[in-house]
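**Student:** My questions will all concern the structure given below.
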Amino acid sequence: MQDPRIGKLADLIVSYSINVQPGEKVVIRSLTPAEPLLNEISARIIRAGGYPFLALKFPETAEQLFEFASDEQLSHVSDVEQFVVDTFDGVILVRGENNTRALGNVPARKLMLAQQAEAVLMQKVMQRAAAGKIKWVSTLFPTNAYAQDAAMSLREYEDFVYRACMPDQNDPVGYWRGVEHKQARIVDWLKGKKQVRLLGADTDLQLSIDGRRFMNSCCKNNVPDGEIFTGPVESSVNGHVSFSYPAIYNGHELAGVRLWFENGRVVRAEADKNEQFLHAALDTDAGARYLGEFAIGTNYGIDRFTGQILFDEKIGGSFHLALGNSYPITGGQNKSVIHWDLICDLRSGGSIDVDGERLYQNGKFMLE
């Protein structure tokens, strides 16, 4: 018997997150292990009068690509994918891996080539989204691979995922509308502010948010959700930051990442594990050494690190920074083929000051 929470999650995504309207074309991008959720999403798009297009890959597809493809093939942008992002009304990305380390031994150079092709598509989606011409949402279907990364049984992980996505399973839409209302107070307070200082363990970083827009992230683009974020002024970041949790990117796990910034640019970078991959990622392109995002996690139901950034970046009591590409909707201007989120936990000591006023202390908003 299928878990009824799968259907409820599909309802939330289709009716609230991207709010499918009659006649809209929606692509569902995913891997085959997520089939139960994909079927439910597709059925609900049809019921809403939309046109679902399933763009599915097998888990082994990526491994085969990196094993056999030439550089030219790795860099290829699919004409079909290009047509979809240029003309469709919605994109639903469902993560559903059965081995999160399948690409762990792929050379960074090959990964970056393929990511450059993917970035062409994502840049178009972000540009069209900023113009209100496309809707997008990203979510996850619980698999054994994700459960193992989180040190849970599959049943435990399923409970964790569905609680994070739908804290009120009887009225998930009402719950997220409530989150939107609460976070709006913080976003409103930040309007017109200019300077941010982040203090924590081995962390003292300053950045400007002057003229930038904070977004109220409440389950419209990410499921689960719970954050406010912006694109910092690219040349404004100065100081150093030490990240609390492993940074996982393209199947590579890095531990003990520390970065030093001068006038926005990473000028020094260290990691206790996989430091060579860190330097390779920073050298991807000119924008990879600059920040594209500064965000504060607000989902206190996500209280532990799981190895999945979709959840971990929302940890209540944390902030995260993303190296690379900005979201144009925030006013951010940095461009890169990477967007790599790294998390700093402030719950055991740390603060965020804005224009000299204490916004955040020990993982809690002082406005409350």
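Identifiers in this document derive from the order of the structure tokens: chains are assigned A, B, ..., residues are numbered from 1 separately in each chain, and ligands are numbered from 1 in order of occurrence.
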Show me, as a tab-separated table, the residues of range 47-150 of chain A having an atom within 10 Å of range 155-173 of chain A, each with the closest atom pair and its distance in Å, using only C-alpha atoms.
**Tutor:**
residue	atom	partner	partner_atom	distance
A:Thr139	CA	A:Cys165	CA	8.9
A:Leu140	CA	A:Val161	CA	8.3
A:Phe141	CA	A:Val161	CA	8.3
A:Pro142	CA	A:Glu158	CA	5.8
A:Thr143	CA	A:Glu158	CA	8.2
A:Asn144	CA	A:Tyr157	CA	8.5
A:Tyr146	CA	A:Tyr157	CA	7.9
A:Ala147	CA	A:Tyr157	CA	5.4
A:Gln148	CA	A:Tyr157	CA	8.8
A:Asp149	CA	A:Tyr157	CA	10.0
A:Ala150	CA	A:Tyr157	CA	7.6
**Student:** Name the residues of range 39-264 of chain A that come out as strand (DSSP E) in a backbone DSSP run; write them as a ChimeraX atom specification.
**Tutor:** /A:51-57,90-95,135-140,195-200,203-208,215-217,227-230,238-242,247-249,252-254,258-262
**Student:** Near range 260-272 of chain A, counting only C-alpha atoms, which residues have an atom at most 10 Å away, once you skip same-chain residues fewer than 3 positions from it, shown as an MDAnalysis selection string?
**Tutor:** chainID A and resid 203:208 232:243 246:247 254:257 275:279 282 286:291 323
**Student:** Take the residues just selected and output them with N, CA and C atoms as a compact mmCIF listing (two decimals), in the first residue's frame.
**Tutor:**
# COMPACT_ATOMS: atom_id res chain seq x y z
N THR A 203 34.73 32.74 12.71
CA THR A 203 34.00 33.43 11.65
C THR A 203 33.83 34.90 12.01
N ASP A 204 34.25 35.77 11.11
CA ASP A 204 34.00 37.21 11.23
C ASP A 204 33.95 37.74 9.81
N LEU A 205 32.74 37.95 9.31
CA LEU A 205 32.55 38.29 7.91
C LEU A 205 31.61 39.48 7.79
N GLN A 206 31.94 40.39 6.90
CA GLN A 206 31.09 41.54 6.64
C GLN A 206 30.71 41.58 5.16
N LEU A 207 29.47 41.98 4.90
CA LEU A 207 29.01 42.08 3.52
C LEU A 207 27.91 43.14 3.43
N SER A 208 27.72 43.65 2.22
CA SER A 208 26.71 44.67 1.99
C SER A 208 25.47 44.07 1.33
N PRO A 232 24.26 39.21 -1.96
CA PRO A 232 25.05 40.33 -1.42
C PRO A 232 25.75 41.11 -2.53
N VAL A 233 26.08 42.35 -2.25
CA VAL A 233 26.85 43.16 -3.19
C VAL A 233 28.17 42.45 -3.45
N GLU A 234 28.45 42.17 -4.69
CA GLU A 234 29.51 41.23 -5.04
C GLU A 234 30.89 41.62 -4.52
N SER A 235 31.22 42.89 -4.54
CA SER A 235 32.56 43.32 -4.15
C SER A 235 32.68 43.68 -2.67
N SER A 236 31.63 43.42 -1.90
CA SER A 236 31.56 43.95 -0.53
C SER A 236 32.04 42.98 0.54
N VAL A 237 32.26 41.72 0.23
CA VAL A 237 32.50 40.71 1.25
C VAL A 237 33.96 40.74 1.70
N ASN A 238 34.14 40.87 3.02
CA ASN A 238 35.47 40.89 3.61
C ASN A 238 35.48 40.12 4.92
N GLY A 239 36.58 39.40 5.16
CA GLY A 239 36.71 38.65 6.41
C GLY A 239 36.88 37.17 6.14
N HIS A 240 36.57 36.36 7.15
CA HIS A 240 36.76 34.91 7.02
C HIS A 240 35.57 34.18 7.62
N VAL A 241 35.36 32.96 7.14
CA VAL A 241 34.24 32.15 7.61
C VAL A 241 34.67 30.69 7.67
N SER A 242 34.24 30.01 8.72
CA SER A 242 34.50 28.58 8.88
C SER A 242 33.15 27.87 8.92
N PHE A 243 32.94 26.92 8.01
CA PHE A 243 31.63 26.28 7.88
C PHE A 243 31.51 25.07 8.81
N PRO A 246 29.97 19.34 6.77
CA PRO A 246 30.59 18.95 5.49
C PRO A 246 29.87 19.62 4.32
N ALA A 247 30.65 19.99 3.33
CA ALA A 247 30.10 20.60 2.12
C ALA A 247 30.11 19.54 1.02
N LEU A 254 33.43 17.48 1.30
CA LEU A 254 34.53 18.26 1.85
C LEU A 254 34.24 18.58 3.31
N ALA A 255 35.24 18.47 4.15
CA ALA A 255 35.07 18.77 5.57
C ALA A 255 36.00 19.90 5.97
N GLY A 256 35.54 20.68 6.97
CA GLY A 256 36.37 21.75 7.50
C GLY A 256 36.71 22.84 6.52
N VAL A 257 35.72 23.26 5.71
CA VAL A 257 35.97 24.30 4.71
C VAL A 257 36.08 25.67 5.39
N GLU A 275 40.54 19.14 -0.21
CA GLU A 275 40.89 20.53 -0.49
C GLU A 275 41.17 20.75 -1.98
N GLN A 276 41.71 19.77 -2.64
CA GLN A 276 42.00 19.91 -4.07
C GLN A 276 40.72 20.15 -4.87
N PHE A 277 39.64 19.46 -4.49
CA PHE A 277 38.36 19.67 -5.18
C PHE A 277 37.84 21.07 -4.91
N LEU A 278 38.03 21.57 -3.69
CA LEU A 278 37.61 22.93 -3.35
C LEU A 278 38.28 23.94 -4.27
N HIS A 279 39.58 23.81 -4.46
CA HIS A 279 40.30 24.75 -5.33
C HIS A 279 39.86 24.62 -6.78
N LEU A 282 36.58 26.46 -7.13
CA LEU A 282 36.77 27.91 -7.10
C LEU A 282 37.37 28.44 -8.40
N ALA A 286 35.26 32.88 -13.44
CA ALA A 286 35.56 34.10 -12.68
C ALA A 286 34.58 34.33 -11.54
N GLY A 287 33.31 33.91 -11.70
CA GLY A 287 32.31 34.16 -10.68
C GLY A 287 32.29 33.17 -9.54
N ALA A 288 33.04 32.08 -9.66
CA ALA A 288 33.00 31.03 -8.64
C ALA A 288 33.63 31.46 -7.32
N ARG A 289 34.48 32.49 -7.34
CA ARG A 289 35.13 32.96 -6.11
C ARG A 289 34.34 34.08 -5.42
N TYR A 290 33.17 34.41 -5.95
CA TYR A 290 32.34 35.45 -5.35
C TYR A 290 31.04 34.85 -4.83
N LEU A 291 30.41 35.53 -3.89
CA LEU A 291 29.16 35.03 -3.33
C LEU A 291 27.97 35.41 -4.20
N LEU A 323 28.60 30.12 -2.97
CA LEU A 323 29.59 30.56 -3.94
C LEU A 323 28.98 30.45 -5.34
**Student:** Under the rule of at most 12 Å, produce a per-residue listing of range 29-129 of chain A near range 308-316 of chain A: chain, number, name, the closest pair of atoms, and the distance in Å, as CSV, using only C-alpha atoms.
**Tutor:**
residue,atom,partner,partner_atom,distance
A:Leu93,CA,A:Leu310,CA,11.6
A:Val94,CA,A:Leu310,CA,10.9
A:Arg95,CA,A:Leu310,CA,9.5
A:Gly96,CA,A:Gln308,CA,11.4
A:Glu97,CA,A:Gln308,CA,11.2
A:Thr100,CA,A:Gln308,CA,9.5
**Student:** Using only C-alpha atoms, which protein or nucleic acid residues come within 9 Å of Asn250 in chain A? Drop anything in the same chain fewer than 6 positions from it, and give the result as an MDAnalysis selection string.
**Tutor:** chainID A and resid 100:101 103:104 106 108 111
**Student:** Could you dump the residues just selected with N, CA and C atoms as a PDB file, in the first residue's frame?
**Tutor:**
ATOM      1  N   THR A 100      24.319   8.465  -3.659  1.00  0.00           N
ATOM      2  CA  THR A 100      24.705   9.873  -3.666  1.00  0.00           C
ATOM      3  C   THR A 100      26.207  10.069  -3.874  1.00  0.00           C
ATOM      4  N   ARG A 101      26.967   8.990  -3.882  1.00  0.00           N
ATOM      5  CA  ARG A 101      28.419   9.091  -4.083  1.00  0.00           C
ATOM      6  C   ARG A 101      28.844   8.481  -5.415  1.00  0.00           C
ATOM      7  N   LEU A 103      29.284   9.704  -8.231  1.00  0.00           N
ATOM      8  CA  LEU A 103      30.216  10.531  -8.999  1.00  0.00           C
ATOM      9  C   LEU A 103      31.411  10.983  -8.166  1.00  0.00           C
ATOM     10  N   GLY A 104      31.592  10.344  -7.021  1.00  0.00           N
ATOM     11  CA  GLY A 104      32.620  10.780  -6.086  1.00  0.00           C
ATOM     12  C   GLY A 104      34.033  10.688  -6.609  1.00  0.00           C
ATOM     13  N   VAL A 106      34.765  10.998  -9.988  1.00  0.00           N
ATOM     14  CA  VAL A 106      34.854  11.667 -11.280  1.00  0.00           C
ATOM     15  C   VAL A 106      35.741  12.904 -11.137  1.00  0.00           C
ATOM     16  N   ALA A 108      37.211  16.537 -11.145  1.00  0.00           N
ATOM     17  CA  ALA A 108      36.494  17.815 -11.049  1.00  0.00           C
ATOM     18  C   ALA A 108      36.359  18.491 -12.406  1.00  0.00           C
ATOM     19  N   LEU A 111      33.337  17.123 -14.201  1.00  0.00           N
ATOM     20  CA  LEU A 111      32.105  17.569 -13.556  1.00  0.00           C
ATOM     21  C   LEU A 111      31.782  19.008 -13.937  1.00  0.00           C
TER      22      LEU A 111
END
**Student:** I need the residue nearest Ile329 in chain A from this list: A:Val20, A:Val125, A:Ala281, A:Met366. Use only C-alpha atoms for the distance.
**Tutor:** A:Val125
**Student:** Which polymer residues have any atom within 9 Å of an atom of Phe229 in chain A, counting only C-alpha atoms, with same-chain residues fewer than 3 positions away left out, as a list in words?
**Tutor:**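 Residues meeting the cut-off are Arg213, Phe214, Met215, Asn216, Ser217, Glu293, Phe294, Ala295, Ile296, Gly297 and Thr330 of chain A.
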**Student:** Emit the selected residues as an mmCIF file, in the first residue's frame, including N, CA and C atoms.
**Tutor:**
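Listing of result.cif after writing:
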data_model
loop_
_atom_site.group_PDB
_atom_site.id
_atom_site.type_symbol
_atom_site.label_atom_id
_atom_site.label_comp_id
_atom_site.auth_asym_id
_atom_site.auth_seq_id
_atom_site.Cartn_x
_atom_site.Cartn_y
_atom_site.Cartn_z
ATOM 1 N N ARG A 213 17.438 42.764 -2.597
ATOM 2 C CA ARG A 213 16.107 42.355 -2.148
ATOM 3 C C ARG A 213 16.171 41.011 -1.434
ATOM 4 N N PHE A 214 15.605 40.941 -0.227
ATOM 5 C CA PHE A 214 15.478 39.670 0.479
ATOM 6 C C PHE A 214 14.198 38.966 0.035
ATOM 7 N N MET A 215 14.318 37.666 -0.219
ATOM 8 C CA MET A 215 13.193 36.864 -0.651
ATOM 9 C C MET A 215 12.637 36.065 0.527
ATOM 10 N N ASN A 216 11.326 35.984 0.572
ATOM 11 C CA ASN A 216 10.602 35.241 1.605
ATOM 12 C C ASN A 216 10.337 33.836 1.070
ATOM 13 N N SER A 217 11.168 32.895 1.479
ATOM 14 C CA SER A 217 11.135 31.542 0.902
ATOM 15 C C SER A 217 10.205 30.660 1.723
ATOM 16 N N GLU A 293 24.836 34.303 -2.888
ATOM 17 C CA GLU A 293 23.691 34.246 -1.974
ATOM 18 C C GLU A 293 24.157 34.347 -0.524
ATOM 19 N N PHE A 294 23.361 35.054 0.265
ATOM 20 C CA PHE A 294 23.446 35.041 1.726
ATOM 21 C C PHE A 294 22.046 34.750 2.243
ATOM 22 N N ALA A 295 21.919 33.766 3.137
ATOM 23 C CA ALA A 295 20.592 33.342 3.586
ATOM 24 C C ALA A 295 20.615 32.939 5.047
ATOM 25 N N ILE A 296 19.448 33.053 5.668
ATOM 26 C CA ILE A 296 19.263 32.629 7.061
ATOM 27 C C ILE A 296 18.205 31.534 7.088
ATOM 28 N N GLY A 297 18.555 30.384 7.684
ATOM 29 C CA GLY A 297 17.617 29.278 7.804
ATOM 30 C C GLY A 297 16.608 29.512 8.910
ATOM 31 N N THR A 330 16.880 38.726 -6.733
ATOM 32 C CA THR A 330 17.339 39.430 -5.538
ATOM 33 C C THR A 330 18.090 40.719 -5.872
#
**Student:** Taking only C-alpha atoms into account, name the residue in A:Thr32, A:Ser153, A:Thr284, A:Thr61 that is nearest to Met112 in chain A.
**Tutor:**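 Of A:Thr32, A:Ser153, A:Thr284, A:Thr61, the one nearest Met112 in chain A is A:Thr284, counting only C-alpha atoms.
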**Student:** Smallest atom-to-atom distance to Ile352 in chain A: which of A:Gly200, A:Pro36, A:Pro328, A:Gly231, using only C-alpha atoms?
**Tutor:** A:Gly200
**Student:** Smallest atom-to-atom distance to Ser336 in chain A: which of A:Asn99, A:Gln73, A:Gln116, A:Ser78, using only C-alpha atoms?
**Tutor:**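 Of A:Asn99, A:Gln73, A:Gln116, A:Ser78, the one nearest Ser336 in chain A, counting only C-alpha atoms, is A:Gln116.
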**Student:** Hey, what's within 8 Å of Ala117 in chain A if we count only C-alpha atoms and toss same-chain stuff fewer than 4 positions away? As a PyMOL selection string, please?
**Tutor:** chain A and resi 74-77+113+121
**Student:** Using only C-alpha atoms, can you tell me which of A:Lys135, A:Phe319, A:Phe88, A:Gly332 comes closest to Ile209 in chain A?
**Tutor:** A:Gly332
**Student:** Could you check the closest approach to Asp86 in chain A for each of A:Ile302, A:Ala43, A:Leu56, A:Ile134 and tell me which residue wins, using only C-alpha atoms?
**Tutor:**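 Checking each of A:Ile302, A:Ala43, A:Leu56, A:Ile134 against Asp86 in chain A, counting only C-alpha atoms, the winner is A:Ile134.
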